[in-house]
Every structure is written in C-alpha cells, then in structure tokens.
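*Asks:* There's a structure below that I have some questions on.
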Amino acid sequence: MAPLTLPETDWRSRPSLDTLTDVLGAAEGLCRFVGGAVRDALLGIPVADLDLATALPPEDVLARLRAAGIRAVPTGLEHGTITAVLESGPVEVTTLRRDVSTDGRHATVAFTDDWREDAARRDFTINALYADPKSGELTDYFGGIEDLAARRVRFIGDPLRRIAEDHLRILRFFRFLARFGDTPDREGLDACTARARDLMALSRERIRDELLKLLVAKDAVRVTNLMLERGILAPVVPEITTANRLDAVAAREKRLGVEPDAIRRLAALLPRDPAVGDLIGARLKLSNAQRKRLVSALTDGGTDDARALAYRIGREGAEDRLLLAADDVALERSWQRLAGWEIPRLPLTGGALVERGLAKGPDVARALRAVEDQWIAEGFPEPARVETIADTVVAQLRP
C-alpha cells in the first residue's frame with residue numbers, strides 16, 4: 001500500500017522554503033513539517049503558519065541557518081524554537097522534545113531525536129501529523145488522519161494526564177472542536193468537564209487568547225453552548241450564562257456578510273451592562289482599545305439613527321451596537337444607511353465662531369457643540385447650511 005502523502009499546496013512552493021529544508025537536512029530525514037500546516041493542508045484550507053520539527057539540536061539549527069545566510073531569531077531557545085526568517089515569511093523550527101516535568105502552566109523539556117516521543121507530548125492527534133519536505137510522506141503515530149476524516153478532536157493518550165500537563169488544553173479542546181470537529185470525543189469532553197476549575201491557575205492572557213480565537217471559529221455558537229452546559233467557563237467568566245445573543249449575532253453577521261469579530265461576540269455573551277464589560281475587559285487583560293470597545297458595545301445609547309451613532313462613536317462601535325440590538329428589521333435598514341457612507345467632519349471651526357463675535361473660551365466650545373448637534377439632527381447637511389446654523393447659534397449666545 002502506497003504511503004499517504006501531503007497534497008500539493010501553494011505554501012510548499014514558497015520562495016526559499018526548499019533551501020531552508022535542505023539546510024536542515026531534509027534529505028537525511030532530519031526535519032519534517034508538523035502541526036497546523038500539515039493538518040490544514042489535508043483539510044484543504046489556507047495555511048497561515050509554517051512549523052518545522054527537527055532532530056537537530058538548537059545550536060546546530062542556529063549554526064546551519066547562519067552559515068547559509070538565513071536570518072535566525074532565537075525566539076524560544078530554551079524550548080528549542082528558532083524562527084527562520086525567509087523572504088516568504090517566518091518559519092518556526094523546533095527541536096524534537098520530551099517533557100521532563102509539567103505543572104499545568106509550564107513545561108520543562110529535554111531535547112530528543114525520537115519523532116514518536118515528540119509526537120506523544122503534543123495535545124491532539126490532529127496536531128501530531130508530520131510530513132517529509134521532500135516526498136510529502138505523512139507520519140501519523142496516533143490516528144490523527146482518521147480523526148481528521150471523522151472530524152473528531154481527540155487527546156493523545158489519557159486526557160486527564162494531558163490536561164494536568166497544561167490546563168490550557170481544556171480551552172484548546174473546545175477551540176479545535178469549534179473549528180474542526182463535528183462530534184466531541186466523549187472521554188476528552190468528560191475530562192475537560194471534570195478539570196474545568198484548573199483554568200483558574202492559568203494566566204488571564206492565555207485564557208483571553210484562546211477564548212477570542214474560539215469565538216470566531218466556524219462552530220463557535222454550538223461549542224459555546226456545549227461549554228456552558230458543561231460548566232467550562234464558570235470558573236473564569238461566570239458572567240456568561242447563555243449563548244442566545246451570540247447565536248443571534250452570528251446569524252446577523254452571516255446574513256449581512258460581516259466577518260465574525262471576537263470582541264463583538266464576547267459582548268454578545270455578556271449581560272447588557274457596561275460595568276460588567278469593563279470588569280471582564282480588566283480580568284481578561286484586553287487591550288485598552290478592546291476594553292473600551294467592549295464597554296461601548298454594552299452601553300445602551302440607542303440605535304435609531306445609524307449615521308448619527310457612527311459619527312459619535314465610530315463606525316466599528318456603531319456596527320457593534322446595531323448587530324447586538326434585538327430588532328432585525330431595524331438592523332437591515334440601519335445597515336443600508338451606513339453602506340458606503342463616509343463619516344464626515346464638521347465643516348466649522350472655533351475660529352469661525354470667534355470671527356462671528358464670540359469670545360474665546362467656554363462660549364466657543366458651547367456654540368460648537370450646539371452647531372454640531374443641530375448638524376447631526378438635520379442629517380449632516382452641506383457647509384452652507386452649517387454656516388446658517390452657526391449664525392443662529394452665535395446670535396443666541398452673543399450679549
């Protein structure tokens with residue numbers, strides 16, 4: 001029986017990739033593609049990141065890359081990872097490893113030249129697939145190809161042990177289920193349920209990153225409901241109790257052709273309370289911009305005039321509130337109002353008001369706000385109308 005091979009994909013012909021694998025001893029079997037690139041190529045979906053596993057020690061990898069004139073960045077040298085920077089993009093090169101000790105958050109590793117030992121320390125069978133750079137021949141130690149065909153996410157070995165090694169694997173299980181799975185592996189699901197409280201030991205940054213990736217996955221709604229049924233999120237985000245609004249938002253995004261957005265979808269899972277949004281933003285250590293956006297999305301400011309809303313809080317903020325609102329008929333109308341509309345700038349300055357006789361200071365600021373409010377209320381009329389509005393406002397304020 002002929003060995004299974006990697007299908008032809010665009011990324012395999014990236015400039016300088018053959019040179020890199022030659023330098024790392026592909027002809028002698030010293031390096032193989034591994035992980036997401038192999039998995040995604042088998043699924044026929046775009047490949048974002050390239051990873052190479054190698055039997056070479058990290059020092060040898062560095063020496064070979066530098067001798068070949070390939071820029072090498074020791075991004076995780078203690079864990080055997082070096083980034084080779086090619087003209088077509090970075091490739092992470094990692095020496096084969098085995099775990100020496102783990103505490104649920106970090107692992108101490110030793111390097112090895114045993115490919116099966118390296119595969120055995122990985123999380124799921126579908127992520128432990130290797131491909132020879134020359135022949136494309138696949139190596140699958142734990143049934144990952146069969147699991148991929150069955151759309152099954154399955155831990156390698158004992159799920160409870162794998163979770164004890166790295167608690168983040170609980171969230172990764174559900175994220176990969178949302179992206180690739182149809183039916184959860186029962187043993188893995190039960191293990192995640194039993195150990196959900198282990199998530200409390202993780203840094204909030206790691207939880208945030210996995211959660212945000214999960215929320216934009218293909219089956220995010222179904223899997224989030226499963227997580228809620230199993231109490232997976234309760235230890236870290238107990239404020240999330242239902243996915244009903246997430247279901248509605250996902251349906252609206254699909255109907256309008258809007259890309260799924262993690263912050264908007266997180267808002268859909270939370271109570272309509274900006275204080276809760278701020279609390280969750282702080283707990284998950286969102287960026288300042290993400291935290292502000294989450295709070296805005298959960299603020300009840302009305303969505304009657306889509307253009308006025310977009311002008312006041314920005315297009316992204318307005319789209320968040322429109323998609324989170326309950327009225328689908330109003331959403332369609334408002335979305336059409338925003339389509340192709342460029343947010344204008346008020347065609348008036350404070351200097352123009354001073355020229356009309358207002359003294360610099362609070363009166364000018366007050367007049368500008370009054371003119372702007374009227375301009376918005378009238379639907380952003382042309383500059384000539386703004387001049388008339390300004391004359392009226394100034395006349396009211398002048399002694």
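Residues in the structure tokens are named by chain (A, B, ... in the order shown) and by number from 1 within that chain; ligands are numbered from 1 in the order shown.
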For the contact check between range 208-261 of chain A and range 285-297 of chain A, emit one row per residue of range 208-261 of chain A within 12 Å, containing the shortest atom pair and the distance in Å rounded to one decimal, counting only C-alpha atoms, chain then rising number order, as a tab-separated table.
*Replies:*
```
residue	atom	partner	partner_atom	distance
A:Arg208	CA	A:Lys285	CA	7.5
A:Asp209	CA	A:Leu286	CA	9.5
A:Leu211	CA	A:Leu286	CA	11.6
A:Leu212	CA	A:Leu286	CA	10.3
A:Asp261	CA	A:Gln290	CA	11.4
```
*Asks:* Suppose we keep C-alpha atoms; can you now write the selection as a PDB file, in the first residue's frame?
*Replies:*
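Final output, saved to out.pdb:
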```pdb
ATOM      1  CA  ARG A 208      -8.134  35.523  26.706  1.00  0.00           C
ATOM      2  CA  ASP A 209      -6.186  34.434  23.630  1.00  0.00           C
ATOM      3  CA  LEU A 211     -11.342  32.401  24.148  1.00  0.00           C
ATOM      4  CA  LEU A 212     -11.125  35.097  21.489  1.00  0.00           C
ATOM      5  CA  ASP A 261     -15.460  39.547  15.369  1.00  0.00           C
TER       6      ASP A 261
END
```
*Asks:* Using only C-alpha atoms, which residues sit within 7 Å of range 168-174 of chain A once same-chain residues fewer than 2 positions away are excluded, as a list in words?
*Replies:*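 Selected residues are Val153, Ile163, Asp166, Phe176, Leu177, Ala178, Cys192, Leu199, Glu210 and Val223 of chain A.
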*Asks:* Could you write out that same residue set with C-alpha atoms as a tab-separated table (two decimals), in the first residue's frame?
*Replies:*
```
chain	number	residue	atom	x	y	z
A	153	VAL	CA	-10.85	16.17	18.28
A	163	ILE	CA	-4.81	18.40	30.92
A	166	ASP	CA	-1.17	22.03	30.52
A	176	PHE	CA	-10.39	22.95	17.88
A	177	LEU	CA	-13.82	21.38	18.25
A	178	ALA	CA	-15.38	24.66	17.11
A	192	CYS	CA	-12.40	18.78	30.41
A	199	LEU	CA	-8.39	27.00	34.30
A	210	GLU	CA	-7.88	31.03	23.44
A	223	VAL	CA	-19.46	24.76	21.06
```
*Asks:* Looking only at the backbone, which of the residues in range 12-242 of chain A does DSSP tag as alpha helix (DSSP H), as a PyMOL selection string?
*Replies:* chain A and resi 17-23+36-43+58-67+115-120+144-149+159-165+169-180+186-194+204-215+220-229
*Asks:* Quick one: distance from CA of Arg264 in chain A to CA of Pro238 in chain A in Å, one decimal?
*Replies:*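 Calculated distance between CA of Arg264 in chain A and CA of Pro238 in chain A is 18.2 Å.
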*Asks:* Could you name the residues that touch range 248-250 of chain A at 9 Å or less, counting only C-alpha atoms, but leaving out those on the same chain fewer than 5 positions away, as a PyMOL selection string?
*Replies:* chain A and resi 220-221+243+255+260+264-265+268+323-326
*Asks:* Could you write out the selected residues, including N, CA and C atoms, as a PDB file, in the first residue's frame?
*Replies:*
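Everything below was put into part33.pdb:
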```pdb
ATOM      1  N   ALA A 220     -18.632  28.269  16.605  1.00  0.00           N
ATOM      2  CA  ALA A 220     -18.486  28.902  17.923  1.00  0.00           C
ATOM      3  C   ALA A 220     -19.767  28.823  18.747  1.00  0.00           C
ATOM      4  N   VAL A 221     -20.912  29.006  18.116  1.00  0.00           N
ATOM      5  CA  VAL A 221     -22.176  29.032  18.870  1.00  0.00           C
ATOM      6  C   VAL A 221     -22.461  27.664  19.467  1.00  0.00           C
ATOM      7  N   ALA A 243     -25.848  31.596  25.539  1.00  0.00           N
ATOM      8  CA  ALA A 243     -25.294  31.962  24.228  1.00  0.00           C
ATOM      9  C   ALA A 243     -26.376  32.406  23.258  1.00  0.00           C
ATOM     10  N   ARG A 255     -25.792  36.827   7.622  1.00  0.00           N
ATOM     11  CA  ARG A 255     -26.783  37.381   6.686  1.00  0.00           C
ATOM     12  C   ARG A 255     -26.268  38.646   6.005  1.00  0.00           C
ATOM     13  N   PRO A 260     -16.894  37.561  11.276  1.00  0.00           N
ATOM     14  CA  PRO A 260     -17.043  37.363  12.726  1.00  0.00           C
ATOM     15  C   PRO A 260     -15.978  38.147  13.483  1.00  0.00           C
ATOM     16  N   ARG A 264     -16.919  41.719  19.572  1.00  0.00           N
ATOM     17  CA  ARG A 264     -18.369  41.841  19.424  1.00  0.00           C
ATOM     18  C   ARG A 264     -19.069  40.586  19.940  1.00  0.00           C
ATOM     19  N   ARG A 265     -18.516  39.423  19.624  1.00  0.00           N
ATOM     20  CA  ARG A 265     -19.133  38.176  20.062  1.00  0.00           C
ATOM     21  C   ARG A 265     -18.991  37.979  21.570  1.00  0.00           C
ATOM     22  N   ALA A 268     -21.710  39.848  23.039  1.00  0.00           N
ATOM     23  CA  ALA A 268     -22.986  39.150  22.893  1.00  0.00           C
ATOM     24  C   ALA A 268     -23.203  38.112  23.989  1.00  0.00           C
ATOM     25  N   LEU A 323     -25.558  45.307  15.537  1.00  0.00           N
ATOM     26  CA  LEU A 323     -25.610  43.850  15.474  1.00  0.00           C
ATOM     27  C   LEU A 323     -26.062  43.228  16.789  1.00  0.00           C
ATOM     28  N   LEU A 324     -25.825  43.947  17.885  1.00  0.00           N
ATOM     29  CA  LEU A 324     -26.229  43.444  19.199  1.00  0.00           C
ATOM     30  C   LEU A 324     -27.675  43.805  19.548  1.00  0.00           C
ATOM     31  N   ALA A 325     -28.274  44.725  18.763  1.00  0.00           N
ATOM     32  CA  ALA A 325     -29.657  45.132  19.036  1.00  0.00           C
ATOM     33  C   ALA A 325     -30.615  43.996  18.677  1.00  0.00           C
ATOM     34  N   ALA A 326     -31.831  44.089  19.183  1.00  0.00           N
ATOM     35  CA  ALA A 326     -32.775  42.969  19.058  1.00  0.00           C
ATOM     36  C   ALA A 326     -33.610  43.005  17.783  1.00  0.00           C
TER      37      ALA A 326
END
```
